[in-house]
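Raw structure_15.pdb, PDB, C-alpha atoms, pLDDT in the B column:
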```pdb
ATOM      1  CA  MET A 355       6.810 -14.749  -9.811  1.00 53.00           C
ATOM      2  CA  THR A 356       5.900 -17.593  -7.477  1.00 57.00           C
ATOM      3  CA  ASP A 357       4.016 -17.391  -4.196  1.00 67.00           C
ATOM      4  CA  ASP A 358       7.263 -18.249  -2.377  1.00 71.00           C
ATOM      5  CA  ILE A 359       8.288 -14.591  -2.530  1.00 84.00           C
ATOM      6  CA  TYR A 360       5.272 -13.375  -0.549  1.00 91.00           C
ATOM      7  CA  THR A 361       5.534 -13.047   3.226  1.00 92.00           C
ATOM      8  CA  MET A 362       1.931 -12.846   4.439  1.00 87.00           C
ATOM      9  CA  GLY A 363       0.995 -15.678   6.777  1.00 85.00           C
ATOM     10  CA  LYS A 364       4.588 -16.876   7.187  1.00 89.00           C
ATOM     11  CA  GLU A 365       6.762 -17.058  10.295  1.00 90.00           C
ATOM     12  CA  LEU A 366       9.828 -14.978   9.477  1.00 94.00           C
ATOM     13  CA  ASP A 367      12.843 -13.401  11.152  1.00 95.00           C
ATOM     14  CA  LEU A 368      11.532  -9.851  10.930  1.00 97.00           C
ATOM     15  CA  LYS A 369      14.900  -8.248  11.677  1.00 97.00           C
ATOM     16  CA  ALA A 370      16.551 -10.284   8.924  1.00 97.00           C
ATOM     17  CA  GLU A 371      13.806  -9.169   6.536  1.00 97.00           C
ATOM     18  CA  GLN A 372      14.411  -5.584   7.616  1.00 98.00           C
ATOM     19  CA  GLU A 373      18.079  -5.893   6.661  1.00 97.00           C
ATOM     20  CA  LYS A 374      17.091  -7.465   3.342  1.00 97.00           C
ATOM     21  CA  THR A 375      14.912  -4.458   2.570  1.00 98.00           C
ATOM     22  CA  LEU A 376      17.573  -1.936   3.507  1.00 98.00           C
ATOM     23  CA  ALA A 377      20.130  -3.730   1.305  1.00 98.00           C
ATOM     24  CA  THR A 378      17.782  -3.399  -1.686  1.00 97.00           C
ATOM     25  CA  PRO A 379      17.308  -0.118  -3.582  1.00 97.00           C
ATOM     26  CA  ARG A 380      13.882   1.441  -3.825  1.00 98.00           C
ATOM     27  CA  LEU A 381      12.052   1.201  -7.112  1.00 98.00           C
ATOM     28  CA  PRO A 382      12.392   4.413  -9.119  1.00 97.00           C
ATOM     29  CA  ALA A 383       9.489   6.793  -8.600  1.00 97.00           C
ATOM     30  CA  ASN A 384       7.784   8.685 -11.406  1.00 95.00           C
ATOM     31  CA  LEU A 385       7.318  12.462 -11.282  1.00 94.00           C
ATOM     32  CA  THR A 386       3.937  12.181  -9.555  1.00 92.00           C
ATOM     33  CA  LEU A 387       5.352  10.101  -6.715  1.00 95.00           C
ATOM     34  CA  LYS A 388       8.449  12.293  -6.383  1.00 95.00           C
ATOM     35  CA  ILE A 389       6.187  15.313  -5.884  1.00 93.00           C
ATOM     36  CA  MET A 390       4.066  13.353  -3.408  1.00 92.00           C
ATOM     37  CA  PHE A 391       7.063  12.211  -1.342  1.00 94.00           C
ATOM     38  CA  LEU A 392       8.543  15.733  -1.344  1.00 94.00           C
ATOM     39  CA  THR A 393       5.186  17.120  -0.207  1.00 91.00           C
ATOM     40  CA  PHE A 394       5.110  14.537   2.580  1.00 91.00           C
ATOM     41  CA  ASP A 395       8.506  15.659   3.835  1.00 93.00           C
ATOM     42  CA  LEU A 396       7.582  19.339   3.640  1.00 93.00           C
ATOM     43  CA  LEU A 397       4.266  18.911   5.442  1.00 91.00           C
ATOM     44  CA  TYR A 398       5.056  16.175   7.957  1.00 92.00           C
ATOM     45  CA  GLY A 399       8.821  16.529   8.362  1.00 90.00           C
ATOM     46  CA  LYS A 400      11.646  14.397   7.009  1.00 90.00           C
ATOM     47  CA  GLY A 401      11.682  12.303  10.164  1.00 92.00           C
ATOM     48  CA  ARG A 402       9.547   9.184  10.430  1.00 95.00           C
ATOM     49  CA  SER A 403       6.738   9.129  12.975  1.00 96.00           C
ATOM     50  CA  LEU A 404       3.406   7.464  13.693  1.00 96.00           C
ATOM     51  CA  PRO A 405       1.402  10.484  12.473  1.00 95.00           C
ATOM     52  CA  LYS A 406       3.389  10.536   9.229  1.00 95.00           C
ATOM     53  CA  VAL A 407       2.941   6.825   8.465  1.00 96.00           C
ATOM     54  CA  LEU A 408      -0.737   7.187   9.356  1.00 95.00           C
ATOM     55  CA  VAL A 409      -1.142   9.612   6.446  1.00 95.00           C
ATOM     56  CA  LEU A 410       0.937   7.300   4.241  1.00 94.00           C
ATOM     57  CA  GLU A 411      -1.585   4.522   4.936  1.00 96.00           C
ATOM     58  CA  ILE A 412      -4.554   6.777   4.259  1.00 94.00           C
ATOM     59  CA  LEU A 413      -3.198   7.246   0.733  1.00 94.00           C
ATOM     60  CA  ALA A 414      -2.038   3.650   0.284  1.00 95.00           C
ATOM     61  CA  ARG A 415      -5.585   2.260   0.089  1.00 94.00           C
ATOM     62  CA  TYR A 416      -6.723   4.405  -2.831  1.00 95.00           C
ATOM     63  CA  PRO A 417      -4.976   2.736  -5.801  1.00 95.00           C
ATOM     64  CA  TYR A 418      -6.584  -0.575  -4.817  1.00 96.00           C
ATOM     65  CA  TRP A 419      -9.964   1.088  -4.587  1.00 94.00           C
ATOM     66  CA  ALA A 420      -9.342   2.677  -7.993  1.00 95.00           C
ATOM     67  CA  TRP A 421      -8.594  -0.747  -9.522  1.00 94.00           C
ATOM     68  CA  GLU A 422     -11.686  -2.299  -7.977  1.00 94.00           C
ATOM     69  CA  ASN A 423     -13.914   0.626  -8.910  1.00 92.00           C
ATOM     70  CA  GLY A 424     -12.451   0.895 -12.400  1.00 93.00           C
ATOM     71  CA  ALA A 425     -12.836  -2.825 -13.068  1.00 93.00           C
ATOM     72  CA  TYR A 426     -16.486  -2.738 -11.962  1.00 91.00           C
ATOM     73  CA  LYS A 427     -17.117   0.185 -14.310  1.00 90.00           C
ATOM     74  CA  LEU A 428     -15.518  -1.699 -17.189  1.00 89.00           C
ATOM     75  CA  LEU A 429     -17.605  -4.813 -16.526  1.00 88.00           C
ATOM     76  CA  SER A 430     -20.772  -2.732 -16.562  1.00 88.00           C
ATOM     77  CA  LEU A 431     -19.708  -0.935 -19.740  1.00 84.00           C
ATOM     78  CA  TRP A 432     -18.863  -4.141 -21.597  1.00 83.00           C
ATOM     79  CA  HIS A 433     -22.058  -5.910 -20.595  1.00 78.00           C
ATOM     80  CA  CYS A 434     -24.235  -2.996 -21.622  1.00 76.00           C
ATOM     81  CA  ALA A 435     -22.804  -3.297 -25.135  1.00 67.00           C
ATOM     82  CA  THR A 436     -24.400  -5.385 -27.862  1.00 65.00           C
ATOM     83  CA  GLY A 437     -21.228  -6.956 -29.226  1.00 72.00           C
ATOM     84  CA  PRO A 438     -19.208  -9.892 -27.906  1.00 78.00           C
ATOM     85  CA  VAL A 439     -16.957  -9.304 -24.905  1.00 79.00           C
ATOM     86  CA  ASP A 440     -13.340 -10.475 -24.788  1.00 83.00           C
ATOM     87  CA  GLN A 441     -13.330 -13.142 -22.066  1.00 87.00           C
ATOM     88  CA  GLN A 442      -9.709 -12.384 -21.122  1.00 90.00           C
ATOM     89  CA  LYS A 443     -10.652  -8.775 -20.405  1.00 87.00           C
ATOM     90  CA  ILE A 444     -13.424  -9.982 -18.117  1.00 91.00           C
ATOM     91  CA  LYS A 445     -11.015 -12.305 -16.296  1.00 92.00           C
ATOM     92  CA  ASP A 446      -8.539  -9.434 -15.885  1.00 93.00           C
ATOM     93  CA  ALA A 447     -11.242  -7.190 -14.437  1.00 93.00           C
ATOM     94  CA  LEU A 448     -12.371  -9.865 -11.982  1.00 94.00           C
ATOM     95  CA  ARG A 449      -8.744 -10.445 -11.001  1.00 94.00           C
ATOM     96  CA  HIS A 450      -8.229  -6.723 -10.334  1.00 96.00           C
ATOM     97  CA  ILE A 451     -11.392  -6.530  -8.247  1.00 95.00           C
ATOM     98  CA  GLU A 452     -10.123  -9.382  -6.069  1.00 94.00           C
ATOM     99  CA  MET A 453      -6.634  -7.859  -5.809  1.00 93.00           C
ATOM    100  CA  GLY A 454      -8.103  -4.488  -4.920  1.00 93.00           C
ATOM    101  CA  ARG A 455     -10.378  -5.814  -2.198  1.00 93.00           C
ATOM    102  CA  GLU A 456      -7.679  -7.874  -0.496  1.00 93.00           C
ATOM    103  CA  ALA A 457      -5.069  -5.112  -0.514  1.00 95.00           C
ATOM    104  CA  GLN A 458      -7.551  -2.432   0.581  1.00 94.00           C
ATOM    105  CA  ASP A 459      -8.422  -4.421   3.679  1.00 94.00           C
ATOM    106  CA  ASN A 460      -4.766  -4.902   4.559  1.00 96.00           C
ATOM    107  CA  GLU A 461      -3.981  -1.190   4.162  1.00 97.00           C
ATOM    108  CA  GLN A 462      -7.088  -0.366   6.177  1.00 96.00           C
ATOM    109  CA  TRP A 463      -5.820  -2.359   9.164  1.00 97.00           C
ATOM    110  CA  HIS A 464      -2.504  -0.509   8.944  1.00 97.00           C
ATOM    111  CA  MET A 465      -4.327   2.821   9.041  1.00 97.00           C
ATOM    112  CA  LEU A 466      -6.531   1.787  11.968  1.00 97.00           C
ATOM    113  CA  LEU A 467      -3.559   0.412  13.915  1.00 97.00           C
ATOM    114  CA  TRP A 468      -1.540   3.623  13.571  1.00 97.00           C
ATOM    115  CA  ALA A 469      -4.555   5.764  14.454  1.00 96.00           C
ATOM    116  CA  ASP A 470      -5.182   3.642  17.557  1.00 97.00           C
ATOM    117  CA  LEU A 471      -1.529   3.844  18.634  1.00 97.00           C
ATOM    118  CA  CYS A 472      -1.521   7.627  18.142  1.00 96.00           C
ATOM    119  CA  ARG A 473      -4.562   7.762  20.434  1.00 95.00           C
ATOM    120  CA  GLN A 474      -2.922   5.481  23.021  1.00 96.00           C
ATOM    121  CA  GLN A 475       0.222   7.627  23.046  1.00 95.00           C
ATOM    122  CA  GLN A 476      -1.894  10.792  23.244  1.00 95.00           C
ATOM    123  CA  ILE A 477      -0.375  12.167  20.056  1.00 94.00           C
ATOM    124  CA  LYS A 478      -2.402  15.173  18.979  1.00 91.00           C
ATOM    125  CA  LEU A 479      -3.209  15.050  15.282  1.00 91.00           C
ATOM    126  CA  SER A 480      -3.638  18.224  13.286  1.00 88.00           C
ATOM    127  CA  TRP A 481      -7.054  18.873  11.744  1.00 88.00           C
ATOM    128  CA  PHE A 482      -5.340  20.494   8.776  1.00 88.00           C
ATOM    129  CA  LYS A 483      -2.530  17.956   8.234  1.00 88.00           C
ATOM    130  CA  HIS A 484      -4.346  14.769   9.184  1.00 88.00           C
ATOM    131  CA  TRP A 485      -7.890  15.406   7.969  1.00 87.00           C
ATOM    132  CA  LEU A 486      -8.145  18.190   5.380  1.00 91.00           C
ATOM    133  CA  LEU A 487      -4.915  17.630   3.432  1.00 89.00           C
ATOM    134  CA  PRO A 488      -5.262  13.819   3.190  1.00 89.00           C
ATOM    135  CA  ARG A 489      -8.785  14.272   1.797  1.00 89.00           C
ATOM    136  CA  HIS A 490      -7.411  16.378  -1.061  1.00 90.00           C
ATOM    137  CA  MET A 491      -4.375  14.169  -1.658  1.00 91.00           C
ATOM    138  CA  THR A 492      -6.454  11.000  -1.811  1.00 92.00           C
ATOM    139  CA  PHE A 493      -8.883  12.621  -4.262  1.00 92.00           C
ATOM    140  CA  VAL A 494      -6.041  13.411  -6.664  1.00 92.00           C
ATOM    141  CA  TYR A 495      -4.303  10.057  -6.169  1.00 94.00           C
ATOM    142  CA  PHE A 496      -7.504   8.055  -6.676  1.00 94.00           C
ATOM    143  CA  TYR A 497      -8.502   9.744  -9.932  1.00 93.00           C
ATOM    144  CA  LEU A 498      -4.974   9.767 -11.299  1.00 94.00           C
ATOM    145  CA  THR A 499      -4.769   6.013 -10.703  1.00 95.00           C
ATOM    146  CA  ARG A 500      -8.229   5.533 -12.253  1.00 93.00           C
ATOM    147  CA  ILE A 501      -7.215   7.439 -15.383  1.00 95.00           C
ATOM    148  CA  MET A 502      -3.999   5.446 -15.686  1.00 95.00           C
ATOM    149  CA  TYR A 503      -5.926   2.203 -15.159  1.00 95.00           C
ATOM    150  CA  TRP A 504      -8.375   3.081 -17.927  1.00 93.00           C
ATOM    151  CA  ILE A 505      -5.696   4.165 -20.403  1.00 94.00           C
ATOM    152  CA  LYS A 506      -3.103   1.477 -19.682  1.00 95.00           C
ATOM    153  CA  PRO A 507      -3.416  -0.615 -16.474  1.00 95.00           C
ATOM    154  CA  VAL A 508       0.308  -1.448 -16.443  1.00 96.00           C
ATOM    155  CA  TRP A 509       1.063   2.196 -15.691  1.00 96.00           C
ATOM    156  CA  SER A 510      -1.042   2.145 -12.531  1.00 96.00           C
ATOM    157  CA  PHE A 511       0.419  -1.171 -11.323  1.00 97.00           C
ATOM    158  CA  ARG A 512       3.986   0.027 -11.814  1.00 97.00           C
ATOM    159  CA  MET A 513       3.315   3.345 -10.075  1.00 97.00           C
ATOM    160  CA  ASN A 514       1.752   1.500  -7.145  1.00 97.00           C
ATOM    161  CA  ALA A 515       4.758  -0.845  -6.943  1.00 98.00           C
ATOM    162  CA  ALA A 516       7.047   2.197  -6.617  1.00 98.00           C
ATOM    163  CA  PHE A 517       4.798   3.694  -3.923  1.00 98.00           C
ATOM    164  CA  GLU A 518       4.846   0.436  -1.963  1.00 98.00           C
ATOM    165  CA  SER A 519       8.622   0.117  -2.365  1.00 98.00           C
ATOM    166  CA  HIS A 520       8.938   3.570  -0.789  1.00 97.00           C
ATOM    167  CA  ALA A 521       6.587   2.559   2.041  1.00 98.00           C
ATOM    168  CA  GLU A 522       8.492  -0.679   2.696  1.00 98.00           C
ATOM    169  CA  HIS A 523      11.791   1.195   3.039  1.00 98.00           C
ATOM    170  CA  GLU A 524      10.251   3.914   5.202  1.00 98.00           C
ATOM    171  CA  TYR A 525       8.928   1.359   7.675  1.00 98.00           C
ATOM    172  CA  MET A 526      12.190  -0.552   7.910  1.00 98.00           C
ATOM    173  CA  LEU A 527      14.133   2.690   8.427  1.00 98.00           C
ATOM    174  CA  PHE A 528      11.586   3.738  11.066  1.00 98.00           C
ATOM    175  CA  ALA A 529      12.237   0.501  12.986  1.00 98.00           C
ATOM    176  CA  GLN A 530      16.010   0.833  12.547  1.00 98.00           C
ATOM    177  CA  GLU A 531      16.025   4.415  13.836  1.00 97.00           C
ATOM    178  CA  HIS A 532      14.144   3.439  17.011  1.00 97.00           C
ATOM    179  CA  PRO A 533      15.695   0.339  18.624  1.00 97.00           C
ATOM    180  CA  GLU A 534      13.728   1.189  21.771  1.00 97.00           C
ATOM    181  CA  PHE A 535      10.585   0.065  19.914  1.00 98.00           C
ATOM    182  CA  ASP A 536      11.787  -3.535  20.311  1.00 98.00           C
ATOM    183  CA  SER A 537      11.247  -3.317  24.063  1.00 97.00           C
ATOM    184  CA  MET A 538       7.849  -1.636  23.783  1.00 97.00           C
ATOM    185  CA  ALA A 539       4.906  -4.033  24.068  1.00 96.00           C
ATOM    186  CA  VAL A 540       2.081  -3.212  21.686  1.00 97.00           C
ATOM    187  CA  ASP A 541      -1.642  -3.856  21.895  1.00 96.00           C
ATOM    188  CA  SER A 542      -4.638  -2.703  19.887  1.00 97.00           C
ATOM    189  CA  ILE A 543      -8.282  -3.556  19.431  1.00 96.00           C
ATOM    190  CA  TRP A 544      -7.441  -4.135  15.765  1.00 97.00           C
ATOM    191  CA  PHE A 545      -5.321  -7.205  16.540  1.00 96.00           C
ATOM    192  CA  GLU A 546      -8.648  -8.976  16.325  1.00 95.00           C
ATOM    193  CA  TYR A 547      -8.151  -8.660  12.550  1.00 95.00           C
ATOM    194  CA  TYR A 548      -4.406  -8.185  12.100  1.00 96.00           C
ATOM    195  CA  PRO A 549      -1.612 -10.549  13.249  1.00 95.00           C
ATOM    196  CA  ARG A 550      -0.574  -9.634  16.782  1.00 96.00           C
ATOM    197  CA  GLN A 551       3.109  -8.699  17.198  1.00 96.00           C
ATOM    198  CA  LYS A 552       5.162  -8.836  20.377  1.00 94.00           C
ATOM    199  CA  SER A 553       6.632  -5.328  20.111  1.00 98.00           C
ATOM    200  CA  LEU A 554       6.103  -2.028  18.308  1.00 98.00           C
ATOM    201  CA  GLY A 555       9.326  -2.666  16.396  1.00 98.00           C
ATOM    202  CA  ASP A 556       8.033  -5.982  15.077  1.00 98.00           C
ATOM    203  CA  LEU A 557       4.686  -4.438  14.165  1.00 98.00           C
ATOM    204  CA  ILE A 558       6.417  -1.772  12.088  1.00 98.00           C
ATOM    205  CA  ARG A 559       8.535  -4.439  10.361  1.00 98.00           C
ATOM    206  CA  ARG A 560       5.487  -6.641   9.693  1.00 98.00           C
ATOM    207  CA  VAL A 561       3.645  -3.730   8.100  1.00 98.00           C
ATOM    208  CA  GLY A 562       6.752  -3.045   6.015  1.00 98.00           C
ATOM    209  CA  LEU A 563       6.658  -6.624   4.752  1.00 98.00           C
ATOM    210  CA  ASP A 564       2.995  -6.217   3.830  1.00 97.00           C
ATOM    211  CA  GLU A 565       4.056  -3.292   1.652  1.00 98.00           C
ATOM    212  CA  ARG A 566       6.720  -5.489   0.050  1.00 97.00           C
ATOM    213  CA  ASP A 567       4.052  -8.044  -0.770  1.00 97.00           C
ATOM    214  CA  HIS A 568       1.874  -5.335  -2.321  1.00 97.00           C
ATOM    215  CA  MET A 569       4.841  -4.150  -4.364  1.00 97.00           C
ATOM    216  CA  ASN A 570       5.601  -7.653  -5.627  1.00 97.00           C
ATOM    217  CA  ARG A 571       1.977  -8.361  -6.513  1.00 96.00           C
ATOM    218  CA  SER A 572       1.777  -5.097  -8.447  1.00 97.00           C
ATOM    219  CA  LEU A 573       4.988  -5.917 -10.311  1.00 97.00           C
ATOM    220  CA  ALA A 574       3.751  -9.437 -11.054  1.00 96.00           C
ATOM    221  CA  GLU A 575       0.456  -8.126 -12.426  1.00 96.00           C
ATOM    222  CA  ALA A 576       2.218  -5.545 -14.601  1.00 96.00           C
ATOM    223  CA  ALA A 577       4.498  -8.266 -15.996  1.00 96.00           C
ATOM    224  CA  ARG A 578       1.522 -10.570 -16.595  1.00 94.00           C
ATOM    225  CA  LEU A 579      -0.363  -7.884 -18.529  1.00 94.00           C
ATOM    226  CA  GLU A 580       2.713  -6.995 -20.551  1.00 93.00           C
ATOM    227  CA  GLY A 581       3.097 -10.664 -21.411  1.00 89.00           C
ATOM    228  CA  GLY A 582      -0.380 -10.899 -22.887  1.00 69.00           C
ATOM    229  CA  GLY A 583      -2.648 -11.016 -19.828  1.00 60.00           C
ATOM    230  CA  ASN A 584      -2.861 -14.811 -19.582  1.00 63.00           C
ATOM    231  CA  SER A 585      -2.483 -17.161 -16.576  1.00 57.00           C
TER     232      SER A 585
END
```

Render the structure in this file as structure tokens.
Amino acid sequence: MTDDIYTMGKELDLKAEQEKTLATPRLPANLTLKIMFLTFDLLYGKGRSLPKVLVLEILARYPYWAWENGAYKLLSLWHCATGPVDQQKIKDALRHIEMGREAQDNEQWHMLLWADLCRQQQIKLSWFKHWLLPRHMTFVYFYLTRIMYWIKPVWSFRMNAAFESHAEHEYMLFAQEHPEFDSMAVDSIWFEYYPRQKSLGDLIRRVGLDERDHMNRSLAEAARLEGGGNS
């Protein structure tokens, strides 16, 4: 997979990219993700909203943290041993640390943007649904991803790709369902760190494209590992 497929840092027709997403099927979710998505709909409603995508972004950061944290643990474990260390394994761990850091930051800006917009729109967030429940969900999601990463990293990359595919489609449907967002100017203190967009509709689409990039990078890493872990 070449870098041409990634959208970050590129000037794009965001509405055309939205249609491209909606014409593409979501990646199939495993049982864990199906339960998670069903739980989301039961707790936060089937409709798409800023509070709902805020919780989605709270969870989205944790697989990347699990990769980074897991790779650090592996490096420490290998270098406390007395035998030789496979250099390719070290390169893979360093690669996953870098991937994890970059993606975590991106997901963090998404979370902070949605939280700021909820505040601006005076949307009251539930202590139970937006603080307590996410804390428990992220705990489970983090350690599940860590376990998968330790047993077979490809499993965790493919599960994350399916999660990000779901997120990409949810954002593009959110924008499609609310054409009025295209006439709503958007501002946030976090545009100091995240590319400023001219409307709320474009911001939602841009975040959706970030999720597509995360999906494609996860798929590319899974394919690389399955091919022998080189390059």

Next item on the list: Report as a list in words the residues that result from applying the PyMOL selection byres ((chain A and resi 414-419) around 8) to the structure here.
Entry: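 Checked against the file, the PyMOL selection byres ((chain A and resi 414-419) around 8) matches Leu410, Glu411, Ile412, Leu413, Ala420, Trp421, Glu422, Asn423, Met453, Gly454, Arg455, Ala457, Gln458, Glu461, Gln462, Thr492, Tyr495, Phe496, Thr499, Arg500, Ser510, Asn514 and Glu518 of chain A.
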
Restricting it to C-alpha atoms, dump the selection as a short mmCIF file (atom, residue, chain, number, x, y, z; two decimals), in the frame of the given file.
```cif
data_model
loop_
_atom_site.label_atom_id
_atom_site.label_comp_id
_atom_site.auth_asym_id
_atom_site.auth_seq_id
_atom_site.Cartn_x
_atom_site.Cartn_y
_atom_site.Cartn_z
CA LEU A 410 0.94 7.30 4.24
CA GLU A 411 -1.58 4.52 4.94
CA ILE A 412 -4.55 6.78 4.26
CA LEU A 413 -3.20 7.25 0.73
CA ALA A 420 -9.34 2.68 -7.99
CA TRP A 421 -8.59 -0.75 -9.52
CA GLU A 422 -11.69 -2.30 -7.98
CA ASN A 423 -13.91 0.63 -8.91
CA MET A 453 -6.63 -7.86 -5.81
CA GLY A 454 -8.10 -4.49 -4.92
CA ARG A 455 -10.38 -5.81 -2.20
CA ALA A 457 -5.07 -5.11 -0.51
CA GLN A 458 -7.55 -2.43 0.58
CA GLU A 461 -3.98 -1.19 4.16
CA GLN A 462 -7.09 -0.37 6.18
CA THR A 492 -6.45 11.00 -1.81
CA TYR A 495 -4.30 10.06 -6.17
CA PHE A 496 -7.50 8.06 -6.68
CA THR A 499 -4.77 6.01 -10.70
CA ARG A 500 -8.23 5.53 -12.25
CA SER A 510 -1.04 2.14 -12.53
CA ASN A 514 1.75 1.50 -7.14
CA GLU A 518 4.85 0.44 -1.96
#
```

Item checked: Close residues, A:Lys552 itself excluded, 10 Å, only C-alpha atoms, min 4 positions apart in chain, as a ChimeraX atom specification -> /A:536-541,556-557

Item checked: Shell around A:Phe528 at 12 Å using only C-alpha atoms, local window under 2 positions removed, as a ChimeraX atom specification -> /A:372,376,400-404,406-407,521-526,530-536,554-559,561-562

Only C-alpha atoms, please: the residues just picked out, written as a short mmCIF file (atom, residue, chain, number, x, y, z; two decimals), keeping the file's coordinate frame.
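Just written: out_3.cif:
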```
data_model
loop_
_atom_site.label_atom_id
_atom_site.label_comp_id
_atom_site.auth_asym_id
_atom_site.auth_seq_id
_atom_site.Cartn_x
_atom_site.Cartn_y
_atom_site.Cartn_z
CA GLN A 372 14.41 -5.58 7.62
CA LEU A 376 17.57 -1.94 3.51
CA LYS A 400 11.65 14.40 7.01
CA GLY A 401 11.68 12.30 10.16
CA ARG A 402 9.55 9.18 10.43
CA SER A 403 6.74 9.13 12.98
CA LEU A 404 3.41 7.46 13.69
CA LYS A 406 3.39 10.54 9.23
CA VAL A 407 2.94 6.82 8.46
CA ALA A 521 6.59 2.56 2.04
CA GLU A 522 8.49 -0.68 2.70
CA HIS A 523 11.79 1.20 3.04
CA GLU A 524 10.25 3.91 5.20
CA TYR A 525 8.93 1.36 7.68
CA MET A 526 12.19 -0.55 7.91
CA GLN A 530 16.01 0.83 12.55
CA GLU A 531 16.02 4.42 13.84
CA HIS A 532 14.14 3.44 17.01
CA PRO A 533 15.70 0.34 18.62
CA GLU A 534 13.73 1.19 21.77
CA PHE A 535 10.58 0.06 19.91
CA ASP A 536 11.79 -3.54 20.31
CA LEU A 554 6.10 -2.03 18.31
CA GLY A 555 9.33 -2.67 16.40
CA ASP A 556 8.03 -5.98 15.08
CA LEU A 557 4.69 -4.44 14.16
CA ILE A 558 6.42 -1.77 12.09
CA ARG A 559 8.54 -4.44 10.36
CA VAL A 561 3.64 -3.73 8.10
CA GLY A 562 6.75 -3.04 6.02
#
```

Check: How would you write as a PyMOL selection string the residues that get within 12 Å of (-18.1, -4.1, -13.7) in the file's frame, counting all atoms listed in the file?
Finding: chain A and resi 421-434+443-451

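Nearest-residue note for A:Met465: choosing from A:His484, A:Lys478, A:Lys374, A:His490, the minimum distance belongs to A:His484, counting only C-alpha atoms.
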
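Atom CA of A:Leu487 sits 12.1 Å away from atom CA of A:Met390.
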
Margin query: Could you check the closest approach to A:Lys506 for each of A:Pro379, A:Arg560, A:Met569, A:Glu580 and tell me which residue wins, using all atoms listed in the file?
Written below: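 Closest residue, counting all atoms listed in the file: A:Glu580.
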
8 Å contact set for A:Ser542, all atoms listed in the file, chain neighbours under 6 positions out, as a JSON list (two decimals) with C-alpha atoms, in the coordinates of the input:
```
[["chain", "number", "residue", "atom", "x", "y", "z"],
["A", 467, "LEU", "CA", -3.56, 0.41, 13.92],
["A", 470, "ASP", "CA", -5.18, 3.64, 17.56],
["A", 471, "LEU", "CA", -1.53, 3.84, 18.63]]
```

Checklist line | Selected residue of minimal separation from A:Trp468 among A:Ala515, A:Met491, A:Leu387, A:Leu408, counting all atoms listed in the file | finding: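 Among A:Ala515, A:Met491, A:Leu387, A:Leu408, it is A:Leu408 that comes nearest to A:Trp468.
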
Notebook entry, point to check: For the atom pair atom CA of A:Gln442 and atom CA of A:Tyr503, what is the interatomic distance in Å to one decimal place?
Noted result: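 Between these atoms lies a distance of 16.2 Å.
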
Item checked: Straight-line distance linking atom CA of A:Leu563 with atom CA of A:Ile501, stated in Å to one decimal -> 28.2 Å

Notebook entry, point to check: When distances are computed from only C-alpha atoms, which of A:Phe493, A:Tyr547, A:Phe517, A:Trp481 shows the smallest separation from A:Glu565?
Noted result: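 For A:Glu565, the nearest of the candidates is A:Phe517.
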
Notebook entry, point to check: With only C-alpha atoms as the atoms that count, which of A:Leu368, A:Gln441, A:Leu498, A:Asn460 lies nearest to A:Asp567?
Noted result: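 Nearest to A:Asp567: A:Asn460.
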